[in-house]
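K.L.:
If you scroll down you'll find the structure; I have some questions about it.
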Amino acid sequence: MVLEERPSIILNHLVRMKKPTMTQLMDETQLSKRQIKYDLDKINYRLKEMQLPAITVHRNQEIDVPLKVIDHFNGLQLSSEADFILADQERLLVIYLYIFIRTEPISSAHLTSLLKVSKNTVISDVRKLNNLIAPSLVRVLYNRKWGYHLKGTEWDKRVLVMNHVNALLQKPYGDKILKFIVTMGGHQVQLEQITENLQSLEREFSLQFVEERVDQFAYFLQFYSIRRRERKIVQIYSNELDVLLQDPFKSVAEDLLHRMDLAAAEPEIGYLIALLHGLSLGNTSIAKDDQDLLWSICERLVTDFESKACVTFQNKNHVIETLYQHIKPAYFRMKYRIPISNPLLDQIKKEHKELYFIVKELLHPIESLLNITVPDEEIGFITIHFGALLEKPKQLLPKKKKAVIVCPSGISSSLMVKHQLESLFSEISVEKTLSLKEFNNSSLSDFDIVFSTVPLNTNRNYYLVKPIMTPMEKSRLINEVYQALFGIEHQSVSSNEVIQLLERYANIFDREGLKEALNQLSIYKNAKSYRRNSPVLTDLITKETIQFIDELPDWEEAIRAAANPLLLKGAIEASYIDAIIDNVKTLGPYVIIGPEIAIPHARPEMGVNEVGMSFLKLTKPVYFCNDEKYPVSLLFCIAAIDNKSHLKALSQLTRLLSNKEEVEKLRHLNHTDEVLELVHKYSKAI
């Protein structure tokens, strides 16, 4: 049974949700009740064909999904010869992948048979496909001798294959489509053998692959192996190839080619070396021994992040190590244009927009240094990596229930899930984060509860979670967990139900705005809100916190003067100022973030009472650490009560200070109102 995309998404939600309701499903899918009921009719029609019981909606809007349906679809292995009903965009991807593995000339008749559409639709789809892939310098052409074929470099063609494979795997039934393409192309599906080969390589060479990407890589290797047997070879510049062939992964790449019974051409060895690096976590022990450039970059990134975000990590080495494990494969992906999907990107930009901007600014010098472009997807992963490290869950008292997290998506997602769960459940201690393989090989008898970011093939009760959850998802998870562990049931009211009630008695002028506000109220009090206590720049830099001074004797007096407005209003204690000065003496001028610009700050526990920011402009600069290399005339003193509440204002300040013309203007301003006008302009920036 393979459905269209929308019914498939609904069915996928229903078999994963515990005690689903219509309002929950509407919130999850952003569909109307009418659309859901229409799609449920389609689902039930197919269920009847398969002799499975129907899904029913009760009068109280609870949805009853029969256990037989849940069991069937949780363990479903569909035939590759199923009759697919493809969405318009999916047909374009299928056409490209089918042509990529062609072993004979492909005509319009082949494509009409494959897609179950008319010849005119095929011609139209090929035209749309060429528009879609035009930026990749690859074209689909047709002539009588070769039929439909691809024009472009082999490397560019493979980049598109990886993109299309990743895109299809985001669909509820994408894996079935990929197997279908391989089968219809006249080839045998070898995914099980390919996956076993990768797992064997991981064991024998002591590697650590990101599990979620192993699945994507295995599907790519399925298409890659077919292409290689058609004697298609990638081209790599000789100097670049020489560097790759010196890499320790060379033996891994050669072994993989041998296992797949493919010729070990040197360009293909180099190509697989790049791909394997993009798949693996960075090895921190190798980095330290070899003085890896990327390790140095990670040290710089963490130090710059502390400076730009005005935070201090208590275990800085651990932060550098975990970042390196992410940056090393990311570097190879970016350098060799290995695509990666980030389904959380839109949510990251929304939930962590201030942090996203700071990280993006931090990466600009790295792009220049390494001569790479960092795509939004990679920026998003680095953002949640830092975002997770900034979370500071409250102390767990006492540790009543032990939990384990199963997350094959990599370090950044694992950290985010762990900290979110610790923020939501004070009664639960997250003891371990496991890969899918570790989970399958563990008894887990010591744990009370399992959370997972992917569906698990287990009889044990577990809870499916996302690295970033919406307020509605958090509320539902809290309800399910408390009911299962403690027998406490909370009958939550959805935002849609509240709005429907209000509409009976009042006119609503901003339905979406009201819905978003109500969603924020649907979380229990112990759940943290990303936007809580997040002042903007104009809230902090006011008439009372702006100063102009011609000259001061030294940098220590400059810091004391800059911080004085915060001291007078009670935002900080005198100990906070002393801590900043002591830190500069010990660590050097870490607070200098640009030419003549400093942001003095220390840790919250050193004497911060509330979030604050002040500005001091000096006519004559002071020299930090009494060194003429470090002149400073613009000081922004920041007091943060935690690692997050000041980030919105700080990101706005960062945007202001990133504009050279605005900074130059700031140097010449001498009136409070002029500074406030500039501050007001950038308070709307994020």
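Starting from 1 in every chain, residues are counted up; chains themselves are A, B, ... following the order of the structure tokens, and ligands are numbered from 1 as listed.
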Mind the document's chain letters and residue numbers, and return as a list in words the residues of region 52-196 of chain A that DSSP labels strand (DSSP E).

P.N.:
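Here are the strand (DSSP E) residues of region 52-196 of chain A: Thr56, Val57, Ile63, Asp64, Arg139, Val140, Leu141, Tyr142, Asn143, Gly147, Tyr148, His149, Leu150 and Lys151 of chain A.
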
K.L.:
Would you save the residues of that selection, restricted to C-alpha atoms, as an mmCIF file, in the first residue's frame?

P.N.:
```cif
data_model
loop_
_atom_site.group_PDB
_atom_site.id
_atom_site.type_symbol
_atom_site.label_atom_id
_atom_site.label_comp_id
_atom_site.auth_asym_id
_atom_site.auth_seq_id
_atom_site.Cartn_x
_atom_site.Cartn_y
_atom_site.Cartn_z
ATOM 1 C CA THR A 56 -12.294 5.848 13.015
ATOM 2 C CA VAL A 57 -12.971 9.322 14.414
ATOM 3 C CA ILE A 63 -9.011 8.993 16.613
ATOM 4 C CA ASP A 64 -8.978 5.227 17.029
ATOM 5 C CA ARG A 139 21.004 18.781 -18.344
ATOM 6 C CA VAL A 140 18.675 16.019 -19.493
ATOM 7 C CA LEU A 141 18.991 15.708 -23.274
ATOM 8 C CA TYR A 142 17.356 13.459 -25.851
ATOM 9 C CA ASN A 143 18.443 12.028 -29.179
ATOM 10 C CA GLY A 147 17.434 8.379 -25.804
ATOM 11 C CA TYR A 148 17.136 10.447 -22.609
ATOM 12 C CA HIS A 149 20.589 10.953 -21.075
ATOM 13 C CA LEU A 150 22.496 13.323 -18.769
ATOM 14 C CA LYS A 151 24.938 15.976 -19.953
#
```

K.L.:
Report the residues of region 274-469 of chain A whose backbone DSSP state falls under alpha helix (DSSP H), written as JSON, numbers by chain.

P.N.:
{"A": [274, 275, 276, 277, 278, 279, 284, 285, 286, 287, 288, 289, 290, 293, 294, 295, 296, 297, 298, 299, 300, 301, 302, 303, 304, 305, 306, 307, 308, 309, 316, 317, 318, 319, 320, 321, 322, 323, 324, 325, 326, 327, 328, 329, 330, 331, 332, 333, 334, 335, 345, 346, 347, 348, 349, 350, 351, 353, 354, 355, 356, 357, 358, 359, 360, 361, 362, 363, 364, 365, 366, 367, 368, 369, 370, 376, 377, 378, 379, 380, 381, 382, 383, 384, 385, 386, 387, 388, 389, 390, 411, 412, 413, 414, 415, 416, 417, 418, 419, 420, 421, 422, 423, 424, 436, 437, 438, 439, 440]}

K.L.:
Pick out the residues sitting within 7 Å of region 235-237 of chain A, and hand them over as a list of chain:residue names; count only C-alpha atoms, and ignore anything fewer than 3 positions along from it in its own chain.

P.N.:
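What passes the distance filter is A:Glu240, A:Leu241, A:Pro267.
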
K.L.:
What would the file look like if the residues just selected were written as an mmCIF file, in the first residue's frame with N, CA and C atoms?

P.N.:
```cif
data_model
loop_
_atom_site.group_PDB
_atom_site.id
_atom_site.type_symbol
_atom_site.label_atom_id
_atom_site.label_comp_id
_atom_site.auth_asym_id
_atom_site.auth_seq_id
_atom_site.Cartn_x
_atom_site.Cartn_y
_atom_site.Cartn_z
ATOM 1 N N GLU A 240 44.846 17.732 -6.280
ATOM 2 C CA GLU A 240 43.844 17.415 -5.259
ATOM 3 C C GLU A 240 43.806 15.912 -4.993
ATOM 4 N N LEU A 241 43.920 15.126 -6.064
ATOM 5 C CA LEU A 241 43.894 13.671 -5.927
ATOM 6 C C LEU A 241 45.099 13.182 -5.139
ATOM 7 N N PRO A 267 40.960 7.867 -9.131
ATOM 8 C CA PRO A 267 39.992 8.957 -8.894
ATOM 9 C C PRO A 267 38.804 8.505 -8.043
#
```

K.L.:
At most 7 Å is the cut-off: for each residue in region 655-684 of chain A with any atom that close to an atom of region 537-541 of chain A, write down the nearest atom pair and the distance in Å rounded to one decimal, counting only C-alpha atoms, chain first then increasing number, as JSON lines.

P.N.:
```
{"residue": "A:Val679", "atom": "CA", "partner": "A:Thr538", "partner_atom": "CA", "distance": 6.2}
{"residue": "A:His680", "atom": "CA", "partner": "A:Thr538", "partner_atom": "CA", "distance": 5.9}
{"residue": "A:Ser683", "atom": "CA", "partner": "A:Leu537", "partner_atom": "CA", "distance": 5.2}
```

K.L.:
List the spatial neighbours of Gln61 (chain A) as number ranges by chain - criterion: any atom at most 6 Å away, only C-alpha atoms, same-chain residues fewer than 3 positions off excluded.

P.N.:
A: 21-22, 57-58

K.L.:
Gly607 (chain A): which residues within 9 Å, counting only C-alpha atoms, same-chain residues fewer than 6 positions away excluded, as a PyMOL selection string?

P.N.:
chain A and resi 571-577+579+639

K.L.:
With only C-alpha atoms as the counted atoms, please give the residues lying no more than 7 Å from region 164-179 of chain A, apart from itself and same-chain residues fewer than 5 positions off, as an MDAnalysis selection string.

P.N.:
chainID A and resid 8:9 12 78 80 93 189 216 220 341
